[in-house]
file run15.tsv (TSV, C-alpha atoms)
chain	number	residue	atom	x	y	z
A	12	MET	CA	100.00	87.38	137.43
A	13	ALA	CA	100.04	85.00	134.52
A	14	ASN	CA	103.26	84.82	132.56
A	15	PHE	CA	102.51	84.66	128.82
A	16	ASP	CA	106.11	84.48	127.62
A	17	LEU	CA	105.59	81.17	125.82
A	18	ILE	CA	102.63	82.59	123.92
A	19	ASP	CA	104.51	85.74	123.00
A	20	ALA	CA	107.43	83.64	121.74
A	21	TYR	CA	105.08	81.44	119.73
A	22	ALA	CA	103.30	84.44	118.19
A	23	ALA	CA	106.64	86.01	117.27
A	24	ARG	CA	107.80	82.81	115.58
A	25	LEU	CA	104.54	82.47	113.68
A	26	GLY	CA	104.93	86.07	112.51
A	27	ARG	CA	108.41	85.28	111.18
A	28	LEU	CA	107.16	82.16	109.41
A	29	LEU	CA	104.27	84.08	107.83
A	30	ARG	CA	106.31	87.17	106.91
A	31	TRP	CA	105.55	86.58	103.22
A	32	ARG	CA	101.85	87.26	103.75
A	33	PRO	CA	100.57	90.85	103.59
A	34	ASP	CA	98.07	90.00	106.37
A	35	ALA	CA	100.69	88.43	108.68
A	36	ALA	CA	100.03	90.99	111.46
A	37	ASP	CA	96.31	90.15	111.45
A	38	LEU	CA	97.01	86.41	111.56
A	39	VAL	CA	99.36	86.86	114.51
A	40	ALA	CA	96.82	89.06	116.33
A	41	GLU	CA	94.11	86.45	115.75
A	42	THR	CA	96.38	83.65	116.95
A	43	THR	CA	97.44	85.59	120.04
A	44	ASP	CA	93.80	86.23	120.94
A	45	HIS	CA	93.05	82.52	120.58
A	46	LEU	CA	96.02	81.41	122.66
A	47	ARG	CA	95.34	83.87	125.45
A	48	SER	CA	91.64	83.01	125.53
A	49	ALA	CA	92.43	79.30	125.71
A	50	ALA	CA	95.14	79.70	128.35
A	51	GLY	CA	92.87	81.97	130.38
A	52	GLN	CA	90.16	79.31	130.36
A	53	LEU	CA	92.60	76.65	131.58
A	54	ILE	CA	93.78	78.93	134.37
A	55	ARG	CA	90.18	79.52	135.42
A	56	ASP	CA	89.77	75.73	135.42
A	57	GLY	CA	92.66	75.43	137.87
A	58	ALA	CA	95.81	75.02	135.78
A	59	ASP	CA	98.89	77.00	136.72
A	60	PRO	CA	99.83	79.70	134.16
A	61	LEU	CA	102.89	77.97	132.74
A	62	GLN	CA	101.10	74.65	132.39
A	63	ALA	CA	98.12	76.43	130.80
A	64	GLN	CA	100.37	77.95	128.14
A	65	GLN	CA	102.07	74.62	127.43
A	66	ILE	CA	98.74	72.82	126.98
A	67	THR	CA	97.37	75.65	124.84
A	68	LEU	CA	100.37	75.67	122.51
A	69	GLU	CA	100.33	71.88	122.24
A	70	ARG	CA	96.67	71.96	121.22
A	71	PHE	CA	97.22	74.76	118.72
A	72	GLY	CA	99.95	72.89	116.87
A	73	ASP	CA	103.54	73.54	115.87
A	74	ALA	CA	104.02	77.03	114.43
A	75	ALA	CA	105.68	75.67	111.28
A	76	LEU	CA	102.72	73.32	110.68
A	77	VAL	CA	100.22	76.13	111.22
A	78	ALA	CA	102.15	78.51	108.92
A	79	ARG	CA	102.33	75.84	106.24
A	80	SER	CA	98.60	75.10	106.51
A	81	PHE	CA	97.90	78.68	105.39
A	82	ALA	CA	99.60	77.88	102.07
A	83	VAL	CA	98.19	74.41	101.34
A	84	THR	CA	95.66	74.32	98.49
A	85	ALA	CA	92.70	71.94	98.24
A	86	ALA	CA	94.69	69.95	95.67
A	87	GLY	CA	97.65	69.64	98.05
A	88	GLY	CA	99.87	72.27	96.39
A	89	LEU	CA	101.58	75.09	98.24
A	90	ARG	CA	100.35	78.58	97.39
A	91	MET	CA	103.21	80.75	98.53
A	92	PRO	CA	106.11	82.79	97.17
A	93	THR	CA	109.40	80.90	96.96
A	94	ARG	CA	112.86	81.55	95.66
A	95	PHE	CA	111.71	79.98	92.40
A	96	THR	CA	108.72	82.30	92.04
A	97	ARG	CA	110.98	85.28	92.76
A	98	ALA	CA	113.38	84.04	90.07
A	99	ALA	CA	110.39	83.73	87.75
A	100	GLY	CA	109.69	87.40	88.43
A	101	HIS	CA	113.18	88.29	87.24
A	102	ALA	CA	112.67	86.02	84.22
A	103	ALA	CA	109.43	87.88	83.43
A	104	LEU	CA	111.27	91.19	83.34
A	105	ALA	CA	113.94	89.66	81.10
A	106	ALA	CA	111.18	88.25	78.89
A	107	ALA	CA	109.55	91.68	78.66
A	108	ALA	CA	112.81	93.22	77.45
A	109	ALA	CA	113.39	90.34	75.02
A	110	TRP	CA	109.88	90.64	73.53
A	111	LEU	CA	110.44	94.36	72.92
A	112	ALA	CA	113.77	93.56	71.25
A	113	ALA	CA	112.11	90.83	69.16
A	114	GLY	CA	109.47	93.34	68.05
A	115	VAL	CA	112.20	95.68	66.79
A	116	LEU	CA	114.35	92.92	65.23
A	117	ALA	CA	111.31	91.67	63.31
A	118	VAL	CA	111.72	94.71	61.03
A	119	PHE	CA	115.04	93.28	59.81
A	120	GLY	CA	114.39	89.58	60.19
A	121	HIS	CA	110.79	89.31	59.10
A	122	THR	CA	110.35	91.94	56.40
A	123	GLU	CA	112.11	93.40	53.41
A	124	LEU	CA	111.03	96.94	54.36
A	125	LEU	CA	114.58	97.97	55.39
A	126	GLY	CA	116.36	95.14	53.68
A	127	TRP	CA	116.11	91.52	54.81
A	128	SER	CA	119.28	89.64	55.80
A	129	ALA	CA	119.98	86.13	57.04
A	130	ALA	CA	121.78	87.59	60.05
A	131	GLY	CA	118.74	89.70	60.86
A	132	TYR	CA	116.49	86.67	60.50
A	133	TYR	CA	118.60	84.52	62.83
A	134	ALA	CA	118.89	87.32	65.35
A	135	TRP	CA	115.12	87.79	65.33
A	136	SER	CA	114.56	84.04	65.64
A	137	ALA	CA	117.03	83.71	68.53
A	138	VAL	CA	115.66	86.66	70.48
A	139	ALA	CA	112.04	85.54	69.97
A	140	ALA	CA	112.92	82.03	71.19
A	141	LEU	CA	114.80	83.52	74.15
A	142	ALA	CA	111.78	85.68	74.99
A	143	ALA	CA	109.52	82.62	74.79
A	144	ALA	CA	111.91	80.63	77.01
A	145	ALA	CA	111.87	83.36	79.66
A	146	THR	CA	108.08	83.44	79.35
A	147	LEU	CA	108.04	79.69	79.95
A	148	VAL	CA	109.92	80.20	83.23
A	149	THR	CA	107.43	82.94	84.14
A	150	VAL	CA	104.50	80.64	83.40
A	151	ALA	CA	106.02	77.89	85.55
A	152	GLY	CA	106.71	80.34	88.37
A	153	SER	CA	103.20	81.81	88.22
A	154	LEU	CA	101.64	78.36	88.36
A	155	ALA	CA	103.88	77.46	91.30
A	156	ARG	CA	102.88	80.69	93.07
A	157	ALA	CA	99.22	79.73	92.67
A	158	GLY	CA	99.94	76.25	94.03
A	159	ALA	CA	98.92	74.72	90.70
A	160	GLY	CA	102.27	73.79	89.19
A	161	ARG	CA	101.94	70.04	89.61
A	162	GLY	CA	98.40	69.55	88.34
A	163	THR	CA	97.54	68.33	84.86
A	164	GLY	CA	96.59	71.85	83.76
A	165	GLY	CA	99.83	73.28	85.10
A	166	ARG	CA	101.98	70.69	83.37
A	167	GLY	CA	100.03	71.16	80.16
A	168	ALA	CA	100.61	74.91	80.29
A	169	VAL	CA	104.35	74.46	80.76
A	170	ALA	CA	104.43	71.92	77.90
A	171	ALA	CA	102.58	74.38	75.66
A	172	ALA	CA	105.10	77.09	76.51
A	173	GLY	CA	107.93	74.66	75.74
A	174	LEU	CA	106.45	73.92	72.32
A	175	ALA	CA	106.12	77.66	71.74
A	176	VAL	CA	109.86	78.07	72.34
A	177	ALA	CA	110.58	75.38	69.75
A	178	ALA	CA	108.07	76.81	67.29
A	179	LEU	CA	109.45	80.34	67.52
A	180	ALA	CA	113.04	79.10	67.22
A	181	ALA	CA	112.29	76.93	64.18
A	182	PHE	CA	109.55	78.89	62.38
A	183	PRO	CA	109.59	82.49	63.62
A	184	TRP	CA	107.89	83.61	60.40
A	185	PHE	CA	104.91	81.46	61.41
A	186	TRP	CA	104.66	83.35	64.72
A	187	PRO	CA	100.88	82.83	65.15
A	188	LEU	CA	101.62	79.14	65.96
A	189	GLY	CA	104.03	79.98	68.77
A	190	GLY	CA	101.69	82.78	69.78
A	191	ALA	CA	98.73	80.42	70.09
A	192	LEU	CA	100.73	78.07	72.31
A	193	LEU	CA	101.90	80.96	74.50
A	194	THR	CA	98.32	82.23	74.69
A	195	ALA	CA	97.19	78.88	76.09
A	196	ALA	CA	100.10	78.80	78.56
A	197	THR	CA	99.68	82.35	79.83
A	198	ALA	CA	95.90	82.00	80.03
A	199	ALA	CA	96.35	78.97	82.30
A	200	ALA	CA	98.90	80.79	84.48
A	201	ILE	CA	96.92	84.01	84.84
A	202	GLY	CA	93.71	82.05	85.33
A	203	GLN	CA	95.26	80.12	88.22
A	204	LEU	CA	96.64	83.28	89.83
A	205	ARG	CA	93.25	84.96	89.62
A	206	ALA	CA	91.41	81.87	90.86
A	207	ALA	CA	93.71	81.91	93.87
A	208	ARG	CA	92.64	85.54	94.49
A	209	LEU	CA	96.24	86.70	94.50
A	210	PRO	CA	96.89	90.43	94.06
A	211	VAL	CA	98.09	90.16	90.46
A	212	PRO	CA	98.60	93.63	88.93
A	213	TRP	CA	96.24	94.41	86.06
A	214	PRO	CA	98.79	94.49	83.20
A	215	ALA	CA	99.38	90.79	83.81
A	216	TRP	CA	95.78	90.07	82.82
A	217	LEU	CA	96.64	91.21	79.27
A	218	ALA	CA	99.04	88.31	78.62
A	219	PRO	CA	96.48	85.89	77.15
A	220	ALA	CA	95.12	88.67	74.91
A	221	ALA	CA	98.50	89.69	73.45
A	222	PHE	CA	98.76	87.26	70.54
A	223	PRO	CA	95.02	87.18	69.72
A	224	ALA	CA	95.15	90.99	69.47
A	225	GLY	CA	98.26	90.81	67.30
A	226	PHE	CA	96.73	88.18	65.07
A	227	ALA	CA	93.56	90.26	64.69
A	228	CYS	CA	95.74	93.23	63.69
A	229	TYR	CA	97.62	91.03	61.19
A	230	ALA	CA	94.38	89.72	59.71
A	231	ALA	CA	92.78	93.17	59.47
A	232	LEU	CA	95.81	94.82	57.83
A	233	GLY	CA	96.25	91.82	55.55
A	234	TYR	CA	92.64	92.14	54.50
A	235	LEU	CA	93.27	95.82	53.76
A	236	ARG	CA	96.46	94.85	51.86
A	237	ALA	CA	98.50	97.30	53.89
A	238	GLY	CA	102.04	97.90	52.65
A	239	PRO	CA	103.99	96.06	49.98
A	240	ALA	CA	103.75	92.28	49.56
A	241	ASP	CA	106.97	90.28	49.94
A	242	SER	CA	108.26	87.61	47.55
A	243	TYR	CA	105.86	85.07	49.17
A	244	GLY	CA	102.86	87.34	48.63
A	245	ASP	CA	102.59	88.14	52.36
A	246	TYR	CA	101.71	91.70	53.36
A	247	GLN	CA	104.78	92.64	55.34
A	248	VAL	CA	103.35	95.57	57.25
A	249	ALA	CA	100.43	93.42	58.39
A	250	SER	CA	102.61	90.60	59.72
A	251	LEU	CA	105.15	92.96	61.25
A	252	ALA	CA	102.47	95.07	62.95
A	253	GLY	CA	100.72	91.95	64.25
A	254	PHE	CA	103.91	90.50	65.72
A	255	ALA	CA	105.07	93.84	67.13
A	256	LEU	CA	101.69	94.49	68.77
A	257	SER	CA	101.71	91.00	70.33
A	258	ALA	CA	105.27	91.49	71.57
A	259	ALA	CA	104.50	94.92	73.05
A	260	LEU	CA	101.35	93.75	74.85
A	261	LEU	CA	103.11	90.67	76.18
A	262	ALA	CA	106.06	92.79	77.33
A	263	LEU	CA	103.73	95.13	79.22
A	264	SER	CA	101.95	92.20	80.81
A	265	LEU	CA	105.14	90.38	81.79
A	266	ALA	CA	106.65	93.56	83.24
A	267	GLY	CA	103.62	93.90	85.54
A	268	LEU	CA	103.69	90.25	86.52
A	269	GLY	CA	107.45	90.22	87.05
A	270	GLY	CA	107.38	93.34	89.19
A	271	TRP	CA	104.94	91.66	91.53
A	272	LEU	CA	106.57	88.21	91.66
A	273	ARG	CA	110.09	89.50	92.30
A	274	HIS	CA	109.04	91.73	95.18
A	275	GLU	CA	107.35	89.05	97.25
A	276	THR	CA	109.30	87.68	100.21
A	277	PRO	CA	110.08	84.00	99.60
A	278	ALA	CA	108.61	81.74	102.27
A	279	ASP	CA	111.25	79.06	101.71
A	280	LEU	CA	114.17	81.18	102.86
A	281	PRO	CA	115.68	80.02	106.17
A	282	GLU	CA	113.64	81.24	109.13
A	283	PRO	CA	115.16	84.51	110.42
A	284	ALA	CA	116.59	84.47	113.92
A	285	ALA	CA	114.41	85.80	116.74
A	286	ALA	CA	115.15	89.36	117.80
A	287	ALA	CA	117.21	89.52	120.99
B	240	MET	CA	89.35	60.97	116.15
B	241	LYS	CA	92.43	62.40	114.44
B	242	GLY	CA	92.37	65.52	112.27
B	243	ASP	CA	92.93	63.50	109.08
B	244	ALA	CA	89.50	61.88	109.51
B	245	LEU	CA	87.96	65.35	109.44
B	246	LYS	CA	89.48	66.26	106.07
B	247	GLY	CA	86.71	67.28	103.72
B	248	HIS	CA	84.19	67.66	106.56
B	249	LEU	CA	85.67	70.61	108.43
B	250	ASP	CA	83.99	73.14	106.13
B	251	LEU	CA	80.58	71.66	106.88
B	252	LEU	CA	81.22	71.53	110.63
B	253	ILE	CA	82.44	75.13	110.79
B	254	LEU	CA	79.51	76.41	108.74
B	255	ALA	CA	77.11	74.51	111.02
B	256	ILE	CA	78.66	76.03	114.14
B	257	LEU	CA	78.56	79.56	112.75
B	258	ALA	CA	74.97	79.11	111.59
B	259	SER	CA	73.99	79.36	115.26
B	260	GLY	CA	75.64	82.77	115.65
B	261	PRO	CA	78.84	84.79	115.13
B	262	ARG	CA	81.93	83.54	116.96
B	263	HIS	CA	85.66	84.18	117.06
B	264	GLY	CA	88.06	81.41	116.09
B	265	TYR	CA	88.52	80.16	119.65
B	266	GLY	CA	84.74	80.06	120.05
B	267	VAL	CA	84.36	77.99	116.88
B	268	ILE	CA	86.96	75.47	118.05
B	269	ASP	CA	85.49	75.39	121.54
B	270	GLN	CA	82.08	74.56	120.05
B	271	LEU	CA	83.63	71.96	117.75
B	272	ARG	CA	85.09	70.23	120.76
B	273	ALA	CA	81.97	70.62	122.92
B	274	ARG	CA	79.48	69.45	120.28
B	275	SER	CA	81.62	66.43	119.37
B	276	GLY	CA	82.10	65.45	123.01
B	277	ASP	CA	85.86	66.00	122.61
B	278	ALA	CA	85.90	63.41	119.81
B	279	PHE	CA	87.72	65.61	117.30
B	280	ASP	CA	91.41	65.91	118.00
B	281	LEU	CA	93.05	68.26	115.50
B	282	PRO	CA	95.71	70.96	115.83
B	283	GLU	CA	93.55	73.98	116.60
B	284	GLY	CA	95.76	76.27	114.52
B	285	THR	CA	94.83	74.43	111.34
B	286	VAL	CA	91.21	75.56	111.70
B	287	TYR	CA	92.14	79.18	110.92
B	288	PRO	CA	93.20	78.56	107.30
B	289	VAL	CA	89.81	76.88	106.81
B	290	LEU	CA	88.01	79.92	108.25
B	291	HIS	CA	90.01	82.20	105.95
B	292	ARG	CA	89.34	80.00	102.92
B	293	LEU	CA	85.60	79.97	103.63
B	294	GLN	CA	85.69	83.75	103.93
B	295	ALA	CA	87.58	84.07	100.64
B	296	ALA	CA	84.88	81.92	99.05
B	297	GLY	CA	82.21	84.31	100.34
B	298	LEU	CA	80.67	81.77	102.74
B	299	LEU	CA	81.80	83.68	105.84
B	300	ASP	CA	82.31	87.31	106.70
B	301	SER	CA	84.46	88.68	109.52
B	302	SER	CA	84.93	91.83	111.52
B	303	TRP	CA	87.48	93.05	114.06
B	304	ASN	CA	86.68	94.34	117.50
B	305	GLU	CA	88.39	94.84	120.83
B	306	ALA	CA	88.00	92.30	123.67
B	307	ASP	CA	90.02	91.90	126.88
B	308	GLY	CA	92.41	94.53	125.55
B	309	ARG	CA	93.16	92.46	122.45
B	310	ARG	CA	92.17	92.61	118.80
B	311	ARG	CA	89.58	89.93	118.12
B	312	ARG	CA	88.24	88.71	114.79
B	313	THR	CA	84.66	87.50	114.74
B	314	TYR	CA	83.23	85.36	111.96
B	315	GLN	CA	79.65	85.20	110.80
B	316	ILE	CA	78.01	83.07	108.15
B	317	THR	CA	76.76	84.81	105.00
B	318	ARG	CA	73.60	84.12	103.04
B	319	GLN	CA	75.72	82.24	100.52
B	320	GLY	CA	77.23	80.29	103.41
B	321	ARG	CA	73.78	79.26	104.66
B	322	ALA	CA	72.87	78.04	101.19
B	323	ALA	CA	76.12	76.06	100.98
B	324	LEU	CA	75.50	74.63	104.45
B	325	ALA	CA	72.01	73.42	103.46
B	326	GLU	CA	73.37	71.82	100.32
B	327	ARG	CA	76.30	70.11	102.07
B	328	ARG	CA	74.15	69.00	104.98
B	329	ALA	CA	71.71	67.30	102.57
B	330	ALA	CA	74.60	65.60	100.78
B	331	TRP	CA	76.08	64.46	104.10
B	332	ASP	CA	72.71	63.13	105.32
B	333	ALA	CA	72.27	61.10	102.14
B	334	PHE	CA	75.84	59.79	102.33
B	335	SER	CA	75.76	58.86	106.01
B	336	HIS	CA	72.33	57.27	105.62
B	337	ALA	CA	73.60	55.11	102.75
B	338	VAL	CA	76.75	54.09	104.66
B	339	THR	CA	74.73	53.19	107.74
B	340	SER	CA	72.37	51.13	105.60
B	341	VAL	CA	75.30	49.16	104.19
B	342	LEU	CA	76.85	48.62	107.61
B	343	ARG	CA	73.59	47.40	109.11
B	344	GLY	CA	72.70	45.28	106.10
B	345	VAL	CA	69.40	47.09	105.66
B	346	PRO	CA	68.51	48.21	102.10
B	347	TRP	CA	68.53	51.98	101.66
B	348	PRO	CA	66.24	53.97	101.95
B	349	THR	CA	64.21	51.78	104.33
B	350	LEU	CA	66.52	52.64	107.22
B	351	THR	CA	64.77	54.85	109.76
call {"tool": "encode", "arguments": {"input": "run15.tsv", "output": "structure tokens"}}
result
Amino acid sequence: MANFDLIDAYAARLGRLLRWRPDAADLVAETTDHLRSAAGQLIRDGADPLQAQQITLERFGDAALVARSFAVTAAGGLRMPTRFTRAAGHAALAAAAAWLAAGVLAVFGHTELLGWSAAGYYAWSAVAALAAAATLVTVAGSLARAGAGRGTGGRGAVAAAGLAVAALAAFPWFWPLGGALLTAATAAAIGQLRAARLPVPWPAWLAPAAFPAGFACYAALGYLRAGPADSYGDYQVASLAGFALSAALLALSLAGLGGWLRHETPADLPEPAAAA
Amino acid sequence: MKGDALKGHLDLLILAILASGPRHGYGVIDQLRARSGDAFDLPEGTVYPVLHRLQAAGLLDSSWNEADGRRRRTYQITRQGRAALAERRAAWDAFSHAVTSVLRGVPWPTLT
């Protein structure tokens, strides 16, 4: 009777290397079928069972190489979860919380509705910049997860997010500028994730629409002259509602994206030991 | 011929093999070896990501069945896959014809 221990060991190792993929069991079953078919053919051709397994495994390729080839993109990137993409998931959740806080702080830092103060303004500015910085990390992690972090588009998206951080730190009152830059960055990240056919939860798709929706709200309420005008002639309710809507939509989107990214098993963790 | 030389051509070769009928992964690789006269030497395991990518692109479809007491995945080419094969085959024919013309010193397209 043929001894398939080498094939079983190989399949088990491949399963450990591919543990980050939801379809790992199918890939291992497919590989096992291939290896046993190939070894069976060699045995029928006269090879002894052990030799047949050795030849079969040599032809199939090292398990680490095969596992890695499932993650390589056409552009040469690696489309797989890593410790960095998991960290980006945590950053996304932090960004979601920070955007909600920025939406609330805008009442004190961006309007005179409840009394404007310099401290409120600086707090709003700092939290908005912090939220944008955490969003930048999320964008970088999402691009890396899609295997598109090192391309021109990926680098451009990260640069746009970096400029958004600076814009929101320096000119929070001109939030549509930072918002436009974040829109470009998140659109690139979500676009790459979707192009890679990754199971991105639906709230994440809203990210590129957050600031356009907020700006539309700002423009509409401004046109309607909603609320009192501030000392610069700006309709405070319009600008506040626009920013708060953007922040809320972005927070919802980032929470969905972060929940997914942080729950994936990183493929770059050390390979777990084989079960005894 | 090493696997690197096949980069960019493996999609076309796999589609061509599956155009003649559904096969499981081992069958595809077996045909690849047989039709090339054992000329293509690539780690067989690296063919599977290509099969999966072609399926994700809608050029292949697959189904699971039971064979020899094991789960077996069988691939078949889709209508979209046949269209892509025709397009890529025409592009390859034009390319290889032009290269051959240059190598033989005969002006293209007079080569027969």
call {"tool": "atom_distance", "arguments": {"input": "run15.tsv", "atom1": "CA of Val289 (chain B)", "atom2": "CA of Ala199 (chain A)"}}
result
25.5 Å
call {"tool": "closest_atom_pairs", "arguments": {"input": "run15.tsv", "of": "chain A", "to": "chain B", "cutoff": "9 Å", "atoms": "only C-alpha atoms", "output": "tab-separated table"}}
result
residue	atom	partner	partner_atom	distance
A:Asp37	CA	B:Arg310	CA	8.8
A:Leu38	CA	B:Tyr287	CA	8.7
A:Ala40	CA	B:Arg310	CA	6.4
A:Glu41	CA	B:Arg311	CA	6.2
A:Thr42	CA	B:Gly284	CA	7.8
A:Thr43	CA	B:Arg309	CA	8.4
A:Asp44	CA	B:Arg311	CA	6.3
A:His45	CA	B:Tyr265	CA	5.2
A:Leu46	CA	B:Tyr265	CA	8.2
A:Ser48	CA	B:Tyr265	CA	7.2
A:Ala49	CA	B:Tyr265	CA	7.3
A:Glu69	CA	B:Pro282	CA	8.0
A:Arg70	CA	B:Pro282	CA	5.6
A:Phe71	CA	B:Glu283	CA	4.3
A:Gly72	CA	B:Pro282	CA	4.8
A:Asp73	CA	B:Pro282	CA	8.2
A:Ala74	CA	B:Gly284	CA	8.3
A:Leu76	CA	B:Thr285	CA	8.0
A:Val77	CA	B:Gly284	CA	5.5
A:Ala78	CA	B:Thr285	CA	8.7
A:Ser80	CA	B:Thr285	CA	6.2
A:Phe81	CA	B:Pro288	CA	5.1
A:Ala82	CA	B:Pro288	CA	8.3
A:Val83	CA	B:Pro288	CA	8.8
A:Arg208	CA	B:Ala295	CA	8.1
call {"tool": "residues_around", "arguments": {"input": "run15.tsv", "residues": "Gln319 (chain B)", "least_positions_apart": "4", "cutoff": "8 Å", "atoms": "all atoms listed in the file", "output": "PyMOL selection string"}}
result
chain B and resi 297-298+323
call {"tool": "write_last_selection", "arguments": {"input": "run15.tsv", "atoms": "C-alpha atoms", "output": "short mmCIF file (atom, residue, chain, number, x, y, z; two decimals), in the coordinates of the input"}}
result
data_model
loop_
_atom_site.label_atom_id
_atom_site.label_comp_id
_atom_site.auth_asym_id
_atom_site.auth_seq_id
_atom_site.Cartn_x
_atom_site.Cartn_y
_atom_site.Cartn_z
CA GLY B 297 82.21 84.31 100.34
CA LEU B 298 80.67 81.77 102.74
CA ALA B 323 76.12 76.06 100.98
#
call {"tool": "atom_distance", "arguments": {"input": "run15.tsv", "atom1": "CA of Arg24 (chain A)", "atom2": "CA of Arg156 (chain A)"}}
result
23.1 Å
call {"tool": "atom_distance", "arguments": {"input": "run15.tsv", "atom1": "CA of Tyr314 (chain B)", "atom2": "CA of Val267 (chain B)"}}
result
8.9 Å
call {"tool": "residues_around", "arguments": {"input": "run15.tsv", "residues": "region 126-136 of chain A", "least_positions_apart": "4", "cutoff": "8 Å", "atoms": "all atoms listed in the file", "output": "list of chain:residue names"}}
result
A:Ala113, A:Leu116, A:Ala117, A:Phe119, A:Gly120, A:His121, A:Thr122, A:Ala140, A:Leu179, A:Ala180, A:Ala181, A:Phe182, A:Pro183
call {"tool": "residues_around", "arguments": {"input": "run15.tsv", "residues": "region 260-275 of chain A", "least_positions_apart": "2", "cutoff": "10 Å", "atoms": "only C-alpha atoms", "output": "PDB file with C-alpha atoms, in the coordinates of the input"}}
result
ATOM      1  CA  ARG A  30     106.310  87.170 106.910  1.00  0.00           C
ATOM      2  CA  TRP A  31     105.550  86.580 103.220  1.00  0.00           C
ATOM      3  CA  ARG A  32     101.850  87.260 103.750  1.00  0.00           C
ATOM      4  CA  PRO A  33     100.570  90.850 103.590  1.00  0.00           C
ATOM      5  CA  MET A  91     103.210  80.750  98.530  1.00  0.00           C
ATOM      6  CA  PRO A  92     106.110  82.790  97.170  1.00  0.00           C
ATOM      7  CA  THR A  93     109.400  80.900  96.960  1.00  0.00           C
ATOM      8  CA  ARG A  94     112.860  81.550  95.660  1.00  0.00           C
ATOM      9  CA  PHE A  95     111.710  79.980  92.400  1.00  0.00           C
ATOM     10  CA  THR A  96     108.720  82.300  92.040  1.00  0.00           C
ATOM     11  CA  ARG A  97     110.980  85.280  92.760  1.00  0.00           C
ATOM     12  CA  ALA A  98     113.380  84.040  90.070  1.00  0.00           C
ATOM     13  CA  ALA A  99     110.390  83.730  87.750  1.00  0.00           C
ATOM     14  CA  GLY A 100     109.690  87.400  88.430  1.00  0.00           C
ATOM     15  CA  HIS A 101     113.180  88.290  87.240  1.00  0.00           C
ATOM     16  CA  ALA A 102     112.670  86.020  84.220  1.00  0.00           C
ATOM     17  CA  ALA A 103     109.430  87.880  83.430  1.00  0.00           C
ATOM     18  CA  LEU A 104     111.270  91.190  83.340  1.00  0.00           C
ATOM     19  CA  ALA A 105     113.940  89.660  81.100  1.00  0.00           C
ATOM     20  CA  ALA A 106     111.180  88.250  78.890  1.00  0.00           C
ATOM     21  CA  ALA A 107     109.550  91.680  78.660  1.00  0.00           C
ATOM     22  CA  ALA A 108     112.810  93.220  77.450  1.00  0.00           C
ATOM     23  CA  ALA A 109     113.390  90.340  75.020  1.00  0.00           C
ATOM     24  CA  TRP A 110     109.880  90.640  73.530  1.00  0.00           C
ATOM     25  CA  LEU A 111     110.440  94.360  72.920  1.00  0.00           C
ATOM     26  CA  ALA A 112     113.770  93.560  71.250  1.00  0.00           C
ATOM     27  CA  GLY A 114     109.470  93.340  68.050  1.00  0.00           C
ATOM     28  CA  ALA A 142     111.780  85.680  74.990  1.00  0.00           C
ATOM     29  CA  ALA A 145     111.870  83.360  79.660  1.00  0.00           C
ATOM     30  CA  THR A 146     108.080  83.440  79.350  1.00  0.00           C
ATOM     31  CA  THR A 149     107.430  82.940  84.140  1.00  0.00           C
ATOM     32  CA  VAL A 150     104.500  80.640  83.400  1.00  0.00           C
ATOM     33  CA  GLY A 152     106.710  80.340  88.370  1.00  0.00           C
ATOM     34  CA  SER A 153     103.200  81.810  88.220  1.00  0.00           C
ATOM     35  CA  ARG A 156     102.880  80.690  93.070  1.00  0.00           C
ATOM     36  CA  LEU A 193     101.900  80.960  74.500  1.00  0.00           C
ATOM     37  CA  THR A 194      98.320  82.230  74.690  1.00  0.00           C
ATOM     38  CA  THR A 197      99.680  82.350  79.830  1.00  0.00           C
ATOM     39  CA  ILE A 201      96.920  84.010  84.840  1.00  0.00           C
ATOM     40  CA  PRO A 210      96.890  90.430  94.060  1.00  0.00           C
ATOM     41  CA  VAL A 211      98.090  90.160  90.460  1.00  0.00           C
ATOM     42  CA  PRO A 212      98.600  93.630  88.930  1.00  0.00           C
ATOM     43  CA  TRP A 213      96.240  94.410  86.060  1.00  0.00           C
ATOM     44  CA  PRO A 214      98.790  94.490  83.200  1.00  0.00           C
ATOM     45  CA  ALA A 215      99.380  90.790  83.810  1.00  0.00           C
ATOM     46  CA  TRP A 216      95.780  90.070  82.820  1.00  0.00           C
ATOM     47  CA  LEU A 217      96.640  91.210  79.270  1.00  0.00           C
ATOM     48  CA  ALA A 218      99.040  88.310  78.620  1.00  0.00           C
ATOM     49  CA  PRO A 219      96.480  85.890  77.150  1.00  0.00           C
ATOM     50  CA  ALA A 220      95.120  88.670  74.910  1.00  0.00           C
ATOM     51  CA  ALA A 221      98.500  89.690  73.450  1.00  0.00           C
ATOM     52  CA  PHE A 222      98.760  87.260  70.540  1.00  0.00           C
ATOM     53  CA  ALA A 224      95.150  90.990  69.470  1.00  0.00           C
ATOM     54  CA  GLY A 225      98.260  90.810  67.300  1.00  0.00           C
ATOM     55  CA  ALA A 255     105.070  93.840  67.130  1.00  0.00           C
ATOM     56  CA  LEU A 256     101.690  94.490  68.770  1.00  0.00           C
ATOM     57  CA  SER A 257     101.710  91.000  70.330  1.00  0.00           C
ATOM     58  CA  ALA A 258     105.270  91.490  71.570  1.00  0.00           C
ATOM     59  CA  PRO A 277     110.080  84.000  99.600  1.00  0.00           C
ATOM     60  CA  ALA A 278     108.610  81.740 102.270  1.00  0.00           C
TER      61      ALA A 278
END
call {"tool": "residues_around", "arguments": {"input": "run15.tsv", "residues": "Arg328 (chain B)", "least_positions_apart": "2", "cutoff": "12 Å", "atoms": "only C-alpha atoms", "output": "PyMOL selection string"}}
result
chain B and resi 248+250-255+320-326+330-336
